[in-house]
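Data first, discussion second: the structure below is written as structure tokens.
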Amino acid sequence: MPTFNEDGYQSALIGDRARNRRGRVVDHAEIYGRGGLPARVIDMPADVSMSRGIEVENDHEDVIDAELKRLDLVGNMSDALRWSRLDGGSALLLMTEDGQLFEPLPDEISRITEIRVIELNQISVAPGGYYSDPNLDNYGEPEIYQITPNAFTGGRASFFNVHESRLFPVYGDPLPQRIRTTLTVPWAGRSAADKPFATIANYERALVLSLEVLKRKQQAVHKMKGLVQMLQTDDGEKQVRKRVDLVDEVRSLMNGVAVDSDDDYNVYDQSVSGLKELLGEFQVAVSADTGIPVTALFGRSASGLNSTGENDLEGLYDLCEGLQRTSAQPAIHRLIKAICTQRGTSWPGDWKIKWPSLWTPTDAQQAETRFKNAQADKAEADARQVDFDIGLVSEVELRADAVNDGRYGLGVKDG
């Protein structure tokens with residue numbers, strides 16, 4: 001009884017290479033390193049989040065701002081957010097002139113020399129590196145981390161230990177606690193590349209298939225009398241190929257075709273209607289998985305009646321503001337606290353982190369805002385005039401109210 005070897009049939013049709021590729025686990029970094037859309041998905045939110053830097057309130061002499069610029073906070077934090085989105089977390093390593101890396105950060109620091117970005121796959125808890133005193137609030141939490149750079153010495157991976165006070169976590173996307181407890185690093189979160197990279201792969205395959213559709217958009221059909229009999233002769237295949245090539249060559253030169261009266265030649269034009277809309281739906285799927293608007297991610301203009309794209313930019317800025325406050329701000333807060341412990345400088349004691357607005361209004365938008373504010377001021381002035389006319393308030397009360405509100409440049413000094 002004949003048997004059907006499914007594995008042999010599959011190998012003959014798609015080959016072993018395709019099956020091996022399907023079972024292969026690809027590193028996100030490998031996909032990111034190729035550039036293109038996957039890299040844009042990771043880079044754009046990180047770069048936009050830090051594009052305006054930060055402001056430190058009550059830093060009147062800009063001493064903290066100067067230190068943040070010296071340590072290149074914007075560049076380092078952009079990279080930290082980048083790798084946090086790619087891997088689900090990263091960290092800033094504080095390098096100082098005081099003590100060893102595995103020792104706790106002292107209460108007073110001589111000088112911070114630099115900050116370095118550490119990727120999540122380089123971080124693990126050192127063996128036995130947990131707080132063991134049950135009287136401490138951080139009992140059972142990691143105390144010593146092991147950093148393994150992407151370098152090898154003598155065939156073995158080199159590493160060094162770092163105290164947790166010198167390592168500032170940059171969080172990835174959130175994960176349920178029951179999943180986080182199984183991870184090596186306690187602050188590791190969900191990668192922003194998991195689902196989006198798979199959706200991007202589907203979109204890129206759709207682009208490849210659309211090119212194949214375009215290649216087959218026009219299909220030439222050459223009917224030859226006696227084709228079957230001709231192929232049965234010794235040089236029949238050669239003669240058929242020669243006739244086909246001759247027809248194609250003549251068509252290329254003359255934009256016309258000359259065939260035998262018993263032959264026939266037709267070009268069938270296949271429809272590609274709906275292809276653009278289908279690719280657009282794939283783009284929407286990528287946008288939905290990444291949280292980045294289609295207009296920003298693919299460089300498309302806003303569509304729809306009265307659409308200006310402002311809502312799309314607002315969605316991107318909302319995503320970036322979330323990264324600022326949940327991923328970047330905790331690490332920046334710890335960094336500024338460490339900066340304020342450097343000896344020999346007077347630091348403000350009531351500083352506060354402020355994120356500048358990512359939105360930059362155009363001149364027309366600013367003019368429209370001023371116009372609307374002027375209209376609102378006029379409506380309020382008319383309402384106060386009505387109150388005055390019917391005797392509800394006096395001129396003195398209106399003037400005092402204007403002074404208290406700071407209108408018209410009036411001010412009060414010493415009562």
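If you're wondering about the labels, chains in the structure tokens are A, B, ... by order shown, residues count from 1 in each chain, ligands from 1 in order shown.
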
- Write out as a PyMOL selection string all residues of segment 132-311 of chain A that DSSP puts in alpha helix (DSSP H) for this structure's backbone. chain A and resi 177-180+194-215+227-231+236-254+275-290+294-298+310-311

Please tabulate, as JSON lines, the residues of segment 297-370 of chain A that come within 9 Å of segment 35-46 of chain A, each with its closest pair of atoms and the distance in Å to one decimal, counting only C-alpha atoms and ordering rows by chain, then residue number upward.
```
{"residue": "A:Leu297", "atom": "CA", "partner": "A:Val41", "partner_atom": "CA", "distance": 7.4}
{"residue": "A:Phe298", "atom": "CA", "partner": "A:Leu37", "partner_atom": "CA", "distance": 8.5}
{"residue": "A:Leu316", "atom": "CA", "partner": "A:Pro45", "partner_atom": "CA", "distance": 7.6}
{"residue": "A:Tyr317", "atom": "CA", "partner": "A:Pro45", "partner_atom": "CA", "distance": 8.5}
{"residue": "A:Leu319", "atom": "CA", "partner": "A:Pro45", "partner_atom": "CA", "distance": 7.3}
{"residue": "A:Cys320", "atom": "CA", "partner": "A:Pro45", "partner_atom": "CA", "distance": 5.6}
{"residue": "A:Leu323", "atom": "CA", "partner": "A:Ala46", "partner_atom": "CA", "distance": 7.8}
{"residue": "A:Gln324", "atom": "CA", "partner": "A:Ala46", "partner_atom": "CA", "distance": 8.9}
```

Dump N, CA and C atoms for the selected residues as a PDB file, in the first residue's frame?
```pdb
ATOM      1  N   LEU A 297       4.148  57.870  11.887  1.00  0.00           N
ATOM      2  CA  LEU A 297       4.980  56.683  11.687  1.00  0.00           C
ATOM      3  C   LEU A 297       5.340  56.482  10.227  1.00  0.00           C
ATOM      4  N   PHE A 298       4.390  56.758   9.323  1.00  0.00           N
ATOM      5  CA  PHE A 298       4.615  56.506   7.896  1.00  0.00           C
ATOM      6  C   PHE A 298       4.789  57.786   7.086  1.00  0.00           C
ATOM      7  N   LEU A 316       0.633  61.113  19.720  1.00  0.00           N
ATOM      8  CA  LEU A 316       2.064  60.817  19.856  1.00  0.00           C
ATOM      9  C   LEU A 316       2.624  61.491  21.101  1.00  0.00           C
ATOM     10  N   TYR A 317       2.234  62.735  21.342  1.00  0.00           N
ATOM     11  CA  TYR A 317       2.745  63.449  22.511  1.00  0.00           C
ATOM     12  C   TYR A 317       2.231  62.825  23.809  1.00  0.00           C
ATOM     13  N   LEU A 319       1.704  59.643  24.249  1.00  0.00           N
ATOM     14  CA  LEU A 319       2.557  58.470  24.435  1.00  0.00           C
ATOM     15  C   LEU A 319       3.907  58.880  25.023  1.00  0.00           C
ATOM     16  N   CYS A 320       4.491  59.940  24.497  1.00  0.00           N
ATOM     17  CA  CYS A 320       5.807  60.374  24.960  1.00  0.00           C
ATOM     18  C   CYS A 320       5.748  60.937  26.377  1.00  0.00           C
ATOM     19  N   LEU A 323       5.933  58.115  28.699  1.00  0.00           N
ATOM     20  CA  LEU A 323       7.312  57.638  28.856  1.00  0.00           C
ATOM     21  C   LEU A 323       8.105  58.565  29.778  1.00  0.00           C
ATOM     22  N   GLN A 324       7.901  59.844  29.636  1.00  0.00           N
ATOM     23  CA  GLN A 324       8.631  60.798  30.468  1.00  0.00           C
ATOM     24  C   GLN A 324       8.389  60.546  31.955  1.00  0.00           C
TER      25      GLN A 324
END
```

DSSP on the backbone: which residues in segment 192-232 of chain A end up as strand (DSSP E)? Give the answer as an mmCIF file with N, CA and C atoms, in the first residue's frame.
```cif
data_model
loop_
_atom_site.group_PDB
_atom_site.id
_atom_site.type_symbol
_atom_site.label_atom_id
_atom_site.label_comp_id
_atom_site.auth_asym_id
_atom_site.auth_seq_id
_atom_site.Cartn_x
_atom_site.Cartn_y
_atom_site.Cartn_z
ATOM 1 N N GLN A 218 0.101 42.945 -15.906
ATOM 2 C CA GLN A 218 -0.096 42.696 -17.327
ATOM 3 C C GLN A 218 0.479 41.335 -17.686
ATOM 4 N N GLN A 219 -0.381 40.457 -18.145
ATOM 5 C CA GLN A 219 0.026 39.101 -18.493
ATOM 6 C C GLN A 219 -0.187 38.872 -19.980
ATOM 7 N N ALA A 220 0.915 38.613 -20.679
ATOM 8 C CA ALA A 220 0.831 38.351 -22.117
ATOM 9 C C ALA A 220 0.548 36.875 -22.371
ATOM 10 N N VAL A 221 -0.388 36.588 -23.301
ATOM 11 C CA VAL A 221 -0.742 35.222 -23.689
ATOM 12 C C VAL A 221 -0.553 35.086 -25.196
ATOM 13 N N HIS A 222 0.361 34.214 -25.599
ATOM 14 C CA HIS A 222 0.692 33.996 -27.000
ATOM 15 C C HIS A 222 0.176 32.613 -27.409
ATOM 16 N N LYS A 223 -0.850 32.629 -28.248
ATOM 17 C CA LYS A 223 -1.409 31.369 -28.749
ATOM 18 C C LYS A 223 -0.732 31.014 -30.061
#
```

- Message: So that I can check the surroundings of segment 194-206 of chain A, please list as a PyMOL selection string every protein, DNA and RNA residue that reaches within 12 Å of it, counting only C-alpha atoms and ignoring chain neighbours fewer than 6 positions away.
- Response: chain A and resi 25-32+36-42+85-88+173+212-213+275-292+297-298

- Query: Which residues come within 6 Å of segment 339-342 of chain A, counting only C-alpha atoms, excluding same-chain residues fewer than 3 positions away, as a ChimeraX atom specification?
  - Reply: /A:108-111,336,347

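In this model, the gap between atom CA of Phe102 of chain A and atom CA of Pro142 of chain A comes to 12.4 Å.
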
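Shortest atom-to-atom contact with Gln329 of chain A among A:Asp72, A:Ala379, A:Leu81, A:Asp245: A:Leu81, counting only C-alpha atoms.
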
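Distance check against Leu175 of chain A using only C-alpha atoms: of A:Ser158, A:Ser124, A:Ser327, A:Ser191, the minimum falls on A:Ser191.
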
- Expressed in Å, the length from atom CA of Pro174 of chain A to atom CA of Gly189 of chain A is 5.2 Å
